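A.B. asks: Pasting upload17.pdb here (PDB, C-alpha atoms):
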```pdb
ATOM      1  CA  MET A  61     294.384  36.941-102.811
ATOM      2  CA  SER A  62     290.850  35.580-102.935
ATOM      3  CA  ARG A  63     290.153  32.558-100.825
ATOM      4  CA  THR A  64     288.191  29.637-102.237
ATOM      5  CA  ALA A  65     285.116  28.805-100.197
ATOM      6  CA  SER A  66     285.612  25.617 -98.234
ATOM      7  CA  PRO A  67     282.950  22.868 -97.926
ATOM      8  CA  THR A  68     282.393  23.995 -94.331
ATOM      9  CA  ASP A  69     281.668  27.559 -95.464
ATOM     10  CA  ARG A  70     279.246  26.323 -98.098
ATOM     11  CA  ARG A  71     277.408  24.164 -95.574
ATOM     12  CA  SER A  72     277.240  27.100 -93.203
ATOM     13  CA  ASN A  73     275.774  29.315 -95.919
ATOM     14  CA  LEU A  74     273.208  26.671 -96.838
ATOM     15  CA  LEU A  75     272.204  26.266 -93.202
ATOM     16  CA  THR A  76     271.885  30.036 -92.841
ATOM     17  CA  LEU A  77     269.665  30.223 -95.921
ATOM     18  CA  GLY A  78     267.608  27.318 -94.622
ATOM     19  CA  MET A  79     267.115  29.005 -91.257
ATOM     20  CA  LEU A  80     266.120  32.256 -92.949
ATOM     21  CA  ALA A  81     263.595  30.358 -95.072
ATOM     22  CA  LEU A  82     262.128  28.739 -91.969
ATOM     23  CA  LEU A  83     262.017  32.095 -90.193
ATOM     24  CA  LEU A  84     260.175  33.600 -93.147
ATOM     25  CA  TYR A  85     257.810  30.635 -93.258
ATOM     26  CA  PHE A  86     256.809  31.059 -89.609
ATOM     27  CA  LEU A  87     256.720  34.860 -89.485
ATOM     28  CA  LEU A  88     254.956  35.537 -92.782
ATOM     29  CA  PRO A  89     251.488  34.401 -91.585
ATOM     30  CA  LEU A  90     251.871  36.495 -88.433
ATOM     31  CA  PHE A  91     252.908  39.512 -90.493
ATOM     32  CA  TRP A  92     249.892  38.997 -92.769
ATOM     33  CA  LEU A  93     247.652  38.838 -89.688
ATOM     34  CA  VAL A  94     249.059  42.106 -88.321
ATOM     35  CA  VAL A  95     248.666  43.852 -91.678
ATOM     36  CA  SER A  96     245.158  42.502 -92.299
ATOM     37  CA  ALA A  97     243.962  43.550 -88.844
ATOM     38  CA  THR A  98     244.588  47.182 -89.813
ATOM     39  CA  LYS A  99     242.270  47.023 -92.841
ATOM     40  CA  THR A 100     238.570  47.401 -93.369
ATOM     41  CA  THR A 101     236.541  44.543 -94.825
ATOM     42  CA  SER A 102     236.651  46.029 -98.334
ATOM     43  CA  ASP A 103     240.408  46.598 -98.139
ATOM     44  CA  LEU A 104     240.985  42.963 -97.219
ATOM     45  CA  PHE A 105     240.093  42.009-100.792
ATOM     46  CA  SER A 106     240.985  45.124-102.756
ATOM     47  CA  THR A 107     244.561  45.801-101.565
ATOM     48  CA  PHE A 108     247.788  43.828-101.585
ATOM     49  CA  GLY A 109     247.634  41.310 -98.764
ATOM     50  CA  LEU A 110     251.158  41.805 -97.427
ATOM     51  CA  TRP A 111     251.079  45.552 -97.046
ATOM     52  CA  PHE A 112     249.023  48.203 -95.290
ATOM     53  CA  SER A 113     246.189  50.114 -96.933
ATOM     54  CA  GLY A 114     245.579  53.845 -96.785
ATOM     55  CA  ASP A 115     242.798  53.471 -94.201
ATOM     56  CA  PHE A 116     244.442  52.368 -90.931
ATOM     57  CA  SER A 117     241.535  50.750 -89.056
ATOM     58  CA  LEU A 118     243.257  48.745 -86.326
ATOM     59  CA  LEU A 119     241.849  50.672 -83.369
ATOM     60  CA  ARG A 120     238.377  50.717 -84.875
ATOM     61  CA  ASN A 121     238.566  46.989 -85.561
ATOM     62  CA  ILE A 122     239.681  46.291 -81.976
ATOM     63  CA  HIS A 123     236.806  48.396 -80.643
ATOM     64  CA  ASP A 124     234.298  46.659 -82.917
ATOM     65  CA  THR A 125     235.652  43.242 -81.967
ATOM     66  CA  PHE A 126     235.152  43.812 -78.245
ATOM     67  CA  THR A 127     231.741  45.496 -78.621
ATOM     68  CA  TYR A 128     230.144  43.254 -81.249
ATOM     69  CA  ASP A 129     227.213  41.119 -80.051
ATOM     70  CA  GLY A 130     227.240  42.582 -76.564
ATOM     71  CA  GLY A 131     230.971  42.183 -76.031
ATOM     72  CA  VAL A 132     230.940  38.399 -76.291
ATOM     73  CA  TYR A 133     234.547  38.369 -77.562
ATOM     74  CA  GLY A 134     235.816  39.592 -74.182
ATOM     75  CA  ARG A 135     233.933  36.746 -72.517
ATOM     76  CA  TRP A 136     235.505  34.265 -74.943
ATOM     77  CA  MET A 137     238.928  35.651 -74.098
ATOM     78  CA  LEU A 138     238.304  35.263 -70.361
ATOM     79  CA  ASN A 139     236.950  31.741 -70.901
ATOM     80  CA  THR A 140     240.043  30.763 -72.870
ATOM     81  CA  LEU A 141     242.318  32.298 -70.249
ATOM     82  CA  ALA A 142     240.554  30.420 -67.440
ATOM     83  CA  TYR A 143     240.540  27.092 -69.301
ATOM     84  CA  SER A 144     244.195  27.425 -70.266
ATOM     85  CA  VAL A 145     245.616  28.616 -66.941
ATOM     86  CA  VAL A 146     243.757  26.051 -64.823
ATOM     87  CA  SER A 147     244.470  23.223 -67.261
ATOM     88  CA  ALA A 148     248.139  24.126 -67.719
ATOM     89  CA  GLY A 149     248.748  24.520 -63.992
ATOM     90  CA  GLY A 150     246.971  21.283 -63.104
ATOM     91  CA  ALA A 151     248.547  19.286 -65.929
ATOM     92  CA  THR A 152     252.021  20.543 -64.991
ATOM     93  CA  LEU A 153     251.590  19.567 -61.339
ATOM     94  CA  LEU A 154     250.223  16.117 -62.207
ATOM     95  CA  ALA A 155     252.970  15.547 -64.784
ATOM     96  CA  ALA A 156     255.617  16.546 -62.228
ATOM     97  CA  LEU A 157     254.183  14.204 -59.605
ATOM     98  CA  GLY A 158     253.907  11.313 -62.047
ATOM     99  CA  GLY A 159     257.264  11.911 -63.711
ATOM    100  CA  TYR A 160     259.056  12.170 -60.372
ATOM    101  CA  GLY A 161     257.349   8.991 -59.178
ATOM    102  CA  PHE A 162     258.354   7.039 -62.281
ATOM    103  CA  ALA A 163     261.907   8.374 -62.147
ATOM    104  CA  LYS A 164     262.759   7.938 -58.459
ATOM    105  CA  PHE A 165     260.546   5.142 -57.149
ATOM    106  CA  ARG A 166     260.687   1.481 -58.056
ATOM    107  CA  PHE A 167     257.423  -0.448 -57.881
ATOM    108  CA  ARG A 168     255.823  -3.428 -59.567
ATOM    109  CA  GLY A 169     254.667  -2.593 -63.066
ATOM    110  CA  ASN A 170     256.789   0.553 -63.316
ATOM    111  CA  ASN A 171     258.074  -0.156 -66.816
ATOM    112  CA  ALA A 172     254.722  -1.487 -68.048
ATOM    113  CA  LEU A 173     252.844   1.590 -66.870
ATOM    114  CA  PHE A 174     255.442   3.913 -68.346
ATOM    115  CA  GLY A 175     255.226   2.014 -71.624
ATOM    116  CA  LEU A 176     251.466   2.586 -71.515
ATOM    117  CA  VAL A 177     252.133   6.302 -71.118
ATOM    118  CA  LEU A 178     254.431   6.251 -74.144
ATOM    119  CA  GLY A 179     251.784   4.421 -76.144
ATOM    120  CA  SER A 180     249.118   6.953 -75.219
ATOM    121  CA  ILE A 181     251.246   9.707 -76.742
ATOM    122  CA  MET A 182     250.661   8.085 -80.131
ATOM    123  CA  VAL A 183     246.867   8.323 -79.798
ATOM    124  CA  PRO A 184     245.500  11.513 -81.437
ATOM    125  CA  THR A 185     243.421  13.629 -79.092
ATOM    126  CA  THR A 186     240.683  13.943 -81.713
ATOM    127  CA  ALA A 187     240.188  10.161 -81.573
ATOM    128  CA  LEU A 188     239.356  10.456 -77.869
ATOM    129  CA  ALA A 189     236.949  13.374 -78.212
ATOM    130  CA  ILE A 190     233.807  11.365 -78.931
ATOM    131  CA  PRO A 191     234.413   8.743 -76.177
ATOM    132  CA  THR A 192     235.163  11.604 -73.778
ATOM    133  CA  TYR A 193     231.906  13.295 -74.755
ATOM    134  CA  LEU A 194     229.900  10.117 -74.147
ATOM    135  CA  LEU A 195     231.580   9.596 -70.775
ATOM    136  CA  PHE A 196     231.082  13.188 -69.646
ATOM    137  CA  SER A 197     227.452  13.202 -70.779
ATOM    138  CA  LYS A 198     226.704  10.369 -68.333
ATOM    139  CA  PHE A 199     228.041  12.517 -65.483
ATOM    140  CA  GLY A 200     226.277  15.691 -66.607
ATOM    141  CA  LEU A 201     229.517  17.558 -67.325
ATOM    142  CA  VAL A 202     228.774  18.417 -70.960
ATOM    143  CA  ASN A 203     228.356  22.143 -71.615
ATOM    144  CA  THR A 204     230.296  23.062 -68.472
ATOM    145  CA  PRO A 205     233.849  24.404 -68.051
ATOM    146  CA  TRP A 206     234.876  21.062 -66.542
ATOM    147  CA  ALA A 207     234.295  19.420 -69.915
ATOM    148  CA  ILE A 208     237.289  21.393 -71.206
ATOM    149  CA  ILE A 209     239.467  21.491 -68.101
ATOM    150  CA  LEU A 210     239.373  17.855 -66.942
ATOM    151  CA  PRO A 211     240.547  16.260 -70.236
ATOM    152  CA  SER A 212     243.300  18.874 -70.502
ATOM    153  CA  LEU A 213     244.721  17.873 -67.120
ATOM    154  CA  VAL A 214     246.006  14.621 -68.639
ATOM    155  CA  SER A 215     249.268  15.190 -70.497
ATOM    156  CA  PRO A 216     251.101  11.946 -71.401
ATOM    157  CA  PHE A 217     253.837  13.890 -73.186
ATOM    158  CA  GLY A 218     254.250  16.150 -70.155
ATOM    159  CA  LEU A 219     254.559  13.121 -67.864
ATOM    160  CA  TYR A 220     257.129  11.557 -70.183
ATOM    161  CA  LEU A 221     259.096  14.810 -70.321
ATOM    162  CA  MET A 222     259.081  15.233 -66.547
ATOM    163  CA  ARG A 223     260.148  11.621 -66.020
ATOM    164  CA  VAL A 224     263.131  12.027 -68.329
ATOM    165  CA  TYR A 225     264.070  15.371 -66.789
ATOM    166  CA  ALA A 226     263.651  14.236 -63.161
ATOM    167  CA  GLN A 227     265.871  11.205 -63.783
ATOM    168  CA  ASP A 228     268.979  13.414 -64.003
ATOM    169  CA  ALA A 229     267.896  16.729 -62.455
ATOM    170  CA  VAL A 230     266.965  15.329 -59.040
ATOM    171  CA  ALA A 231     269.983  13.849 -57.243
ATOM    172  CA  ASP A 232     269.393  10.672 -55.228
ATOM    173  CA  ALA A 233     271.812  11.924 -52.583
ATOM    174  CA  THR A 234     269.668  15.014 -52.030
ATOM    175  CA  LEU A 235     266.563  12.892 -51.554
ATOM    176  CA  GLU A 236     268.327  10.596 -49.092
ATOM    177  CA  ALA A 237     269.621  13.569 -47.112
ATOM    178  CA  ALA A 238     266.119  15.019 -46.886
ATOM    179  CA  ARG A 239     264.702  11.678 -45.721
ATOM    180  CA  LEU A 240     267.409  11.367 -43.076
ATOM    181  CA  ASP A 241     266.421  14.812 -41.798
ATOM    182  CA  GLY A 242     262.901  13.471 -41.256
ATOM    183  CA  ALA A 243     261.147  15.120 -44.196
ATOM    184  CA  GLY A 244     258.106  13.348 -45.606
ATOM    185  CA  GLU A 245     257.736  12.538 -49.284
ATOM    186  CA  LEU A 246     255.270  15.357 -50.007
ATOM    187  CA  ARG A 247     257.487  17.879 -48.224
ATOM    188  CA  ILE A 248     260.494  16.647 -50.190
ATOM    189  CA  PHE A 249     258.587  16.988 -53.436
ATOM    190  CA  PHE A 250     257.257  20.505 -52.858
ATOM    191  CA  GLN A 251     260.310  21.979 -51.117
ATOM    192  CA  VAL A 252     263.197  20.178 -52.825
ATOM    193  CA  VAL A 253     262.177  18.453 -56.034
ATOM    194  CA  LEU A 254     260.118  21.242 -57.610
ATOM    195  CA  ARG A 255     263.084  23.621 -57.530
ATOM    196  CA  SER A 256     265.203  21.166 -59.474
ATOM    197  CA  LEU A 257     262.421  20.578 -61.996
ATOM    198  CA  ALA A 258     261.835  24.264 -62.765
ATOM    199  CA  PRO A 259     262.910  24.198 -66.465
ATOM    200  CA  GLY A 260     260.883  21.054 -67.097
ATOM    201  CA  LEU A 261     257.878  22.561 -65.331
ATOM    202  CA  VAL A 262     258.002  25.671 -67.494
ATOM    203  CA  THR A 263     258.303  23.534 -70.620
ATOM    204  CA  VAL A 264     255.251  21.422 -69.764
ATOM    205  CA  LEU A 265     253.367  24.544 -68.688
ATOM    206  CA  LEU A 266     253.982  26.257 -72.013
ATOM    207  CA  PHE A 267     253.139  23.177 -74.082
ATOM    208  CA  THR A 268     249.883  22.599 -72.211
ATOM    209  CA  LEU A 269     249.001  26.286 -72.225
ATOM    210  CA  VAL A 270     249.385  26.500 -75.996
ATOM    211  CA  ALA A 271     247.546  23.206 -76.572
ATOM    212  CA  THR A 272     244.564  24.243 -74.442
ATOM    213  CA  TRP A 273     244.511  27.793 -75.823
ATOM    214  CA  ASN A 274     244.402  26.492 -79.405
ATOM    215  CA  ASN A 275     242.074  23.565 -78.673
ATOM    216  CA  TYR A 276     239.148  23.579 -81.073
ATOM    217  CA  PHE A 277     237.588  20.165 -81.603
ATOM    218  CA  LEU A 278     236.989  19.287 -77.930
ATOM    219  CA  PRO A 279     235.177  22.568 -77.066
ATOM    220  CA  LEU A 280     233.271  22.317 -80.346
ATOM    221  CA  ILE A 281     231.597  19.051 -79.358
ATOM    222  CA  MET A 282     231.438  19.685 -75.606
ATOM    223  CA  LEU A 283     229.912  23.168 -75.541
ATOM    224  CA  ASN A 284     226.702  24.502 -77.043
ATOM    225  CA  ASP A 285     226.360  27.696 -75.000
ATOM    226  CA  PRO A 286     228.111  30.601 -76.809
ATOM    227  CA  LYS A 287     228.859  32.199 -73.430
ATOM    228  CA  LEU A 288     231.140  29.240 -72.620
ATOM    229  CA  TYR A 289     232.982  29.217 -75.951
ATOM    230  CA  PRO A 290     236.753  29.682 -76.061
ATOM    231  CA  ILE A 291     238.219  31.979 -78.688
ATOM    232  CA  THR A 292     238.793  29.207 -81.226
ATOM    233  CA  VAL A 293     235.150  28.109 -81.371
ATOM    234  CA  GLY A 294     233.834  31.661 -81.099
ATOM    235  CA  LEU A 295     235.916  32.956 -84.003
ATOM    236  CA  SER A 296     234.914  29.923 -86.055
ATOM    237  CA  ALA A 297     231.257  30.768 -85.439
ATOM    238  CA  TRP A 298     231.862  34.358 -86.550
ATOM    239  CA  SER A 299     233.718  33.144 -89.627
ATOM    240  CA  SER A 300     230.814  30.883 -90.581
ATOM    241  CA  GLN A 301     228.412  33.809 -90.254
ATOM    242  CA  ALA A 302     230.671  36.033 -92.341
ATOM    243  CA  VAL A 303     231.054  33.487 -95.141
ATOM    244  CA  GLY A 304     227.436  32.411 -95.201
ATOM    245  CA  GLY A 305     225.843  35.817 -94.642
ATOM    246  CA  SER A 306     225.678  39.073 -96.515
ATOM    247  CA  GLY A 307     225.543  42.783 -95.789
ATOM    248  CA  SER A 308     226.593  43.429 -92.177
ATOM    249  CA  SER A 309     227.658  39.783 -91.839
ATOM    250  CA  ALA A 310     230.458  40.395 -94.309
ATOM    251  CA  GLU A 311     231.923  42.968 -91.915
ATOM    252  CA  LEU A 312     232.649  40.106 -89.539
ATOM    253  CA  LEU A 313     235.642  39.145 -91.667
ATOM    254  CA  ALA A 314     237.620  42.100 -90.354
ATOM    255  CA  LEU A 315     236.565  41.225 -86.804
ATOM    256  CA  VAL A 316     237.626  37.590 -87.264
ATOM    257  CA  VAL A 317     241.064  38.674 -88.438
ATOM    258  CA  THR A 318     241.432  41.208 -85.623
ATOM    259  CA  GLY A 319     240.186  38.691 -83.069
ATOM    260  CA  SER A 320     242.714  36.138 -84.323
ATOM    261  CA  LEU A 321     245.519  38.661 -83.873
ATOM    262  CA  LEU A 322     244.386  39.539 -80.350
ATOM    263  CA  SER A 323     244.200  35.850 -79.437
ATOM    264  CA  VAL A 324     247.885  35.389 -80.298
ATOM    265  CA  ILE A 325     249.114  38.215 -78.071
ATOM    266  CA  PRO A 326     248.626  36.422 -74.691
ATOM    267  CA  LEU A 327     250.618  33.411 -75.920
ATOM    268  CA  ILE A 328     253.479  35.638 -77.064
ATOM    269  CA  ALA A 329     253.393  37.422 -73.701
ATOM    270  CA  ALA A 330     253.484  34.094 -71.845
ATOM    271  CA  PHE A 331     256.567  32.958 -73.764
ATOM    272  CA  LEU A 332     258.334  36.280 -73.193
ATOM    273  CA  MET A 333     257.596  36.255 -69.454
ATOM    274  CA  LEU A 334     258.552  32.622 -68.874
ATOM    275  CA  GLN A 335     261.577  32.317 -71.121
ATOM    276  CA  ARG A 336     263.952  33.837 -68.545
ATOM    277  CA  TYR A 337     262.963  31.172 -65.997
ATOM    278  CA  TRP A 338     263.335  28.570 -68.719
ATOM    279  CA  GLN A 339     266.797  29.736 -69.815
ATOM    280  CA  SER A 340     268.129  30.363 -66.301
ATOM    281  CA  GLY A 341     266.964  26.917 -65.197
ATOM    282  CA  LEU A 342     268.575  25.221 -68.159
ATOM    283  CA  THR A 343     271.831  27.073 -67.493
ATOM    284  CA  THR A 344     271.764  26.101 -63.836
ATOM    285  CA  GLY A 345     271.041  22.496 -64.696
ATOM    286  CA  GLY A 346     273.930  22.402 -67.125
ATOM    287  CA  VAL A 347     276.541  23.287 -64.476
ATOM    288  CA  LYS A 348     278.063  20.229 -62.863
ATOM    289  CA  GLU A 349     279.372  20.389 -59.359
TER     290      GLU A 349
END
```
For the file at hand, write its structure as structure tokens.

C.D. replies:
Amino acid sequence: MSRTASPTDRRSNLLTLGMLALLLYFLLPLFWLVVSATKTTSDLFSTFGLWFSGDFSLLRNIHDTFTYDGGVYGRWMLNTLAYSVVSAGGATLLAALGGYGFAKFRFRGNNALFGLVLGSIMVPTTALAIPTYLLFSKFGLVNTPWAIILPSLVSPFGLYLMRVYAQDAVADATLEAARLDGAGELRIFFQVVLRSLAPGLVTVLLFTLVATWNNYFLPLIMLNDPKLYPITVGLSAWSSQAVGGSGSSAELLALVVTGSLLSVIPLIAAFLMLQRYWQSGLTTGGVKE
């Protein structure tokens, strides 16, 4: 006998279809990028966008991307890696220190300062770019790596996340036991607290890494030396040349697409390498003693 589909089954099917639609929505641009990076400039416009052409040019495009204009793309990649790693590491440490302090210490103005942090999350980073530029110009930091790294060290969302996570992940009894054993506050933080905050640390690290890696507007106004450009600004400059130029400039379109694909690979690798620490930490934190 056939069974009539229940409302629960129908909701489950709708949710499955919705998830598949979202999966397609997020993966389709990446698939287009992979396919387009294998094409020549002429094939980008003459063949179907979501499938490969007869001339597989991925390796040639990668070679041309890294050798064009004296190999400046490799320098952009290293710049982006340096900006992102230093900024993400520093922002994660500062967020952990601040979040732990807000969560486990009581001082005058605690709630007011934390409310200020919550309010700063609502302020778009682009609105702060011009004031930051004017401030940094007075200190002679414009057109230096510090103009990108220092603003990225401040992560209000990361501080908020670490405060919420430290509230429950770090047991007060553990802190008291460490203090009774004579450990100082810095020793407690680095040897006891950081282990408990591991999943939160990885989360803030990934968020800040992605935000700095994809940052465009701040480097655009802070840097005028192409040798200091990150990938975002460098590829935008190539794209402008390709659209506004002719002849050999048009060949830059294939390099822009290939460069965009290569710029995504380190982020994917970072997520794949860090997800096991993320998942194992969440599992550990979910077990109650």

A.B. asks: For the atom pair CA of Ile208 (chain A) and CA of Leu278 (chain A), what is the interatomic distance in Å to one decimal place?

C.D. replies: 7.1 Å

A.B. asks: So that I can check the surroundings of Ser144 (chain A), please list as number ranges by chain every protein, DNA and RNA residue that reaches within 9 Å of it, counting only C-alpha atoms and ignoring chain neighbours fewer than 5 positions away.

C.D. replies: A: 139, 149, 209, 212, 268-273

A.B. asks: Considering all atoms listed in the file, return as a list in words whatever protein or nucleic-acid residues lie within 9 Å of Val293 (chain A), sequence-local ones (same chain, fewer than 4 positions apart) excluded.

C.D. replies: Trp136, Asn275, Tyr276, Phe277, Pro279, Leu280, Pro286, Tyr289, Ala297 and Trp298 of chain A

A.B. asks: Taking the file as shown, find all residues satisfying the PyMOL selection byres ((chain A and resi 206) around 12) and write them as an mmCIF file with C-alpha atoms, in the coordinates of the input.

C.D. replies:
```
data_model
loop_
_atom_site.group_PDB
_atom_site.id
_atom_site.type_symbol
_atom_site.label_atom_id
_atom_site.label_comp_id
_atom_site.auth_asym_id
_atom_site.auth_seq_id
_atom_site.Cartn_x
_atom_site.Cartn_y
_atom_site.Cartn_z
ATOM 1 C CA ASN A 139 236.950 31.741 -70.901
ATOM 2 C CA ALA A 142 240.554 30.420 -67.440
ATOM 3 C CA TYR A 143 240.540 27.092 -69.301
ATOM 4 C CA SER A 144 244.195 27.425 -70.266
ATOM 5 C CA VAL A 146 243.757 26.051 -64.823
ATOM 6 C CA SER A 147 244.470 23.223 -67.261
ATOM 7 C CA THR A 192 235.163 11.604 -73.778
ATOM 8 C CA TYR A 193 231.906 13.295 -74.755
ATOM 9 C CA PHE A 196 231.082 13.188 -69.646
ATOM 10 C CA SER A 197 227.452 13.202 -70.779
ATOM 11 C CA PHE A 199 228.041 12.517 -65.483
ATOM 12 C CA GLY A 200 226.277 15.691 -66.607
ATOM 13 C CA LEU A 201 229.517 17.558 -67.325
ATOM 14 C CA VAL A 202 228.774 18.417 -70.960
ATOM 15 C CA ASN A 203 228.356 22.143 -71.615
ATOM 16 C CA THR A 204 230.296 23.062 -68.472
ATOM 17 C CA PRO A 205 233.849 24.404 -68.051
ATOM 18 C CA ALA A 207 234.295 19.420 -69.915
ATOM 19 C CA ILE A 208 237.289 21.393 -71.206
ATOM 20 C CA ILE A 209 239.467 21.491 -68.101
ATOM 21 C CA LEU A 210 239.373 17.855 -66.942
ATOM 22 C CA PRO A 211 240.547 16.260 -70.236
ATOM 23 C CA SER A 212 243.300 18.874 -70.502
ATOM 24 C CA LEU A 213 244.721 17.873 -67.120
ATOM 25 C CA LEU A 278 236.989 19.287 -77.930
ATOM 26 C CA PRO A 279 235.177 22.568 -77.066
ATOM 27 C CA MET A 282 231.438 19.685 -75.606
ATOM 28 C CA LEU A 283 229.912 23.168 -75.541
ATOM 29 C CA LEU A 288 231.140 29.240 -72.620
#
```

A.B. asks: Calculate how many Å separate CA of Phe162 (chain A) from CA of Tyr225 (chain A), rounding to one decimal.

C.D. replies: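 Pair CA of Phe162 (chain A) / CA of Tyr225 (chain A) returns 11.1 Å.
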
A.B. asks: Using only C-alpha atoms, find the one residue out of A:Gln335, A:Ala302, A:Ala187, A:Leu157 that sits nearest to Thr101 (chain A).

C.D. replies: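 Comparing A:Gln335, A:Ala302, A:Ala187, A:Leu157 against Thr101 (chain A), the winner is A:Ala302.
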
A.B. asks: Leaving out Leu265 (chain A) and any residue of its chain fewer than 4 positions from it, which residues lie within 6 Å of it when counting all atoms listed in the file, given as a count of residues only?

C.D. replies: 4

A.B. asks: Calculated over only C-alpha atoms, which of the candidates A:Leu219, A:Leu332, A:Lys198, A:Leu321 has the smallest distance to Ala163 (chain A)?

C.D. replies: A:Leu219

A.B. asks: For each of A:Arg336, A:Ser96, A:Ser296, A:Tyr160, take the minimum atom-to-atom distance to Val252 (chain A), counting only C-alpha atoms, then give the residue where this is smallest.

C.D. replies: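 Result for the nearest residue to Val252 (chain A): A:Tyr160.
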
A.B. asks: Rank nothing, just name the residue among A:Thr318, A:Thr234, A:Ser323, A:Ser300 nearest to Leu119 (chain A), using only C-alpha atoms.

C.D. replies: A:Thr318

A.B. asks: Name the residues, using the chain letters and numbers of the file, that sit within 10 Å of (261.1, 20.9, -63.7) when counting all atoms listed in the file, and give them as a PyMOL selection string.

C.D. replies: chain A and resi 152-153+155-156+159-160+221-223+225-226+229-230+253-265+338+341-342

A.B. asks: Write the residues of the selection above to a file with C-alpha atoms, as a PDB file, in the coordinates of the input.

C.D. replies:
```
ATOM      1  CA  THR A 152     252.021  20.543 -64.991  1.00  0.00           C
ATOM      2  CA  LEU A 153     251.590  19.567 -61.339  1.00  0.00           C
ATOM      3  CA  ALA A 155     252.970  15.547 -64.784  1.00  0.00           C
ATOM      4  CA  ALA A 156     255.617  16.546 -62.228  1.00  0.00           C
ATOM      5  CA  GLY A 159     257.264  11.911 -63.711  1.00  0.00           C
ATOM      6  CA  TYR A 160     259.056  12.170 -60.372  1.00  0.00           C
ATOM      7  CA  LEU A 221     259.096  14.810 -70.321  1.00  0.00           C
ATOM      8  CA  MET A 222     259.081  15.233 -66.547  1.00  0.00           C
ATOM      9  CA  ARG A 223     260.148  11.621 -66.020  1.00  0.00           C
ATOM     10  CA  TYR A 225     264.070  15.371 -66.789  1.00  0.00           C
ATOM     11  CA  ALA A 226     263.651  14.236 -63.161  1.00  0.00           C
ATOM     12  CA  ALA A 229     267.896  16.729 -62.455  1.00  0.00           C
ATOM     13  CA  VAL A 230     266.965  15.329 -59.040  1.00  0.00           C
ATOM     14  CA  VAL A 253     262.177  18.453 -56.034  1.00  0.00           C
ATOM     15  CA  LEU A 254     260.118  21.242 -57.610  1.00  0.00           C
ATOM     16  CA  ARG A 255     263.084  23.621 -57.530  1.00  0.00           C
ATOM     17  CA  SER A 256     265.203  21.166 -59.474  1.00  0.00           C
ATOM     18  CA  LEU A 257     262.421  20.578 -61.996  1.00  0.00           C
ATOM     19  CA  ALA A 258     261.835  24.264 -62.765  1.00  0.00           C
ATOM     20  CA  PRO A 259     262.910  24.198 -66.465  1.00  0.00           C
ATOM     21  CA  GLY A 260     260.883  21.054 -67.097  1.00  0.00           C
ATOM     22  CA  LEU A 261     257.878  22.561 -65.331  1.00  0.00           C
ATOM     23  CA  VAL A 262     258.002  25.671 -67.494  1.00  0.00           C
ATOM     24  CA  THR A 263     258.303  23.534 -70.620  1.00  0.00           C
ATOM     25  CA  VAL A 264     255.251  21.422 -69.764  1.00  0.00           C
ATOM     26  CA  LEU A 265     253.367  24.544 -68.688  1.00  0.00           C
ATOM     27  CA  TRP A 338     263.335  28.570 -68.719  1.00  0.00           C
ATOM     28  CA  GLY A 341     266.964  26.917 -65.197  1.00  0.00           C
ATOM     29  CA  LEU A 342     268.575  25.221 -68.159  1.00  0.00           C
TER      30      LEU A 342
END
```

A.B. asks: So how far away is CA of Val316 (chain A) from CA of Gln301 (chain A), in Å?

C.D. replies: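 It comes out at 10.4 Å.
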
A.B. asks: For Phe165 (chain A), which of A:Leu235, A:Ala97, A:Leu141, A:Met79 is the closest residue, counting all atoms listed in the file?

C.D. replies: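 Closest candidate: A:Leu235.
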
A.B. asks: Measuring between all atoms listed in the file, which one of A:Lys164, A:Leu173, A:Lys287, A:Leu188 shows the shortest distance to Glu245 (chain A)?

C.D. replies: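 Smallest distance to Glu245 (chain A) is found for A:Lys164.
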
A.B. asks: Quick one: which residues end up in the PyMOL selection byres ((chain A and resi 95) around 10) for this structure, as a PyMOL selection string?

C.D. replies: chain A and resi 89-94+96-99+104+108-113+116+118+317-318+321
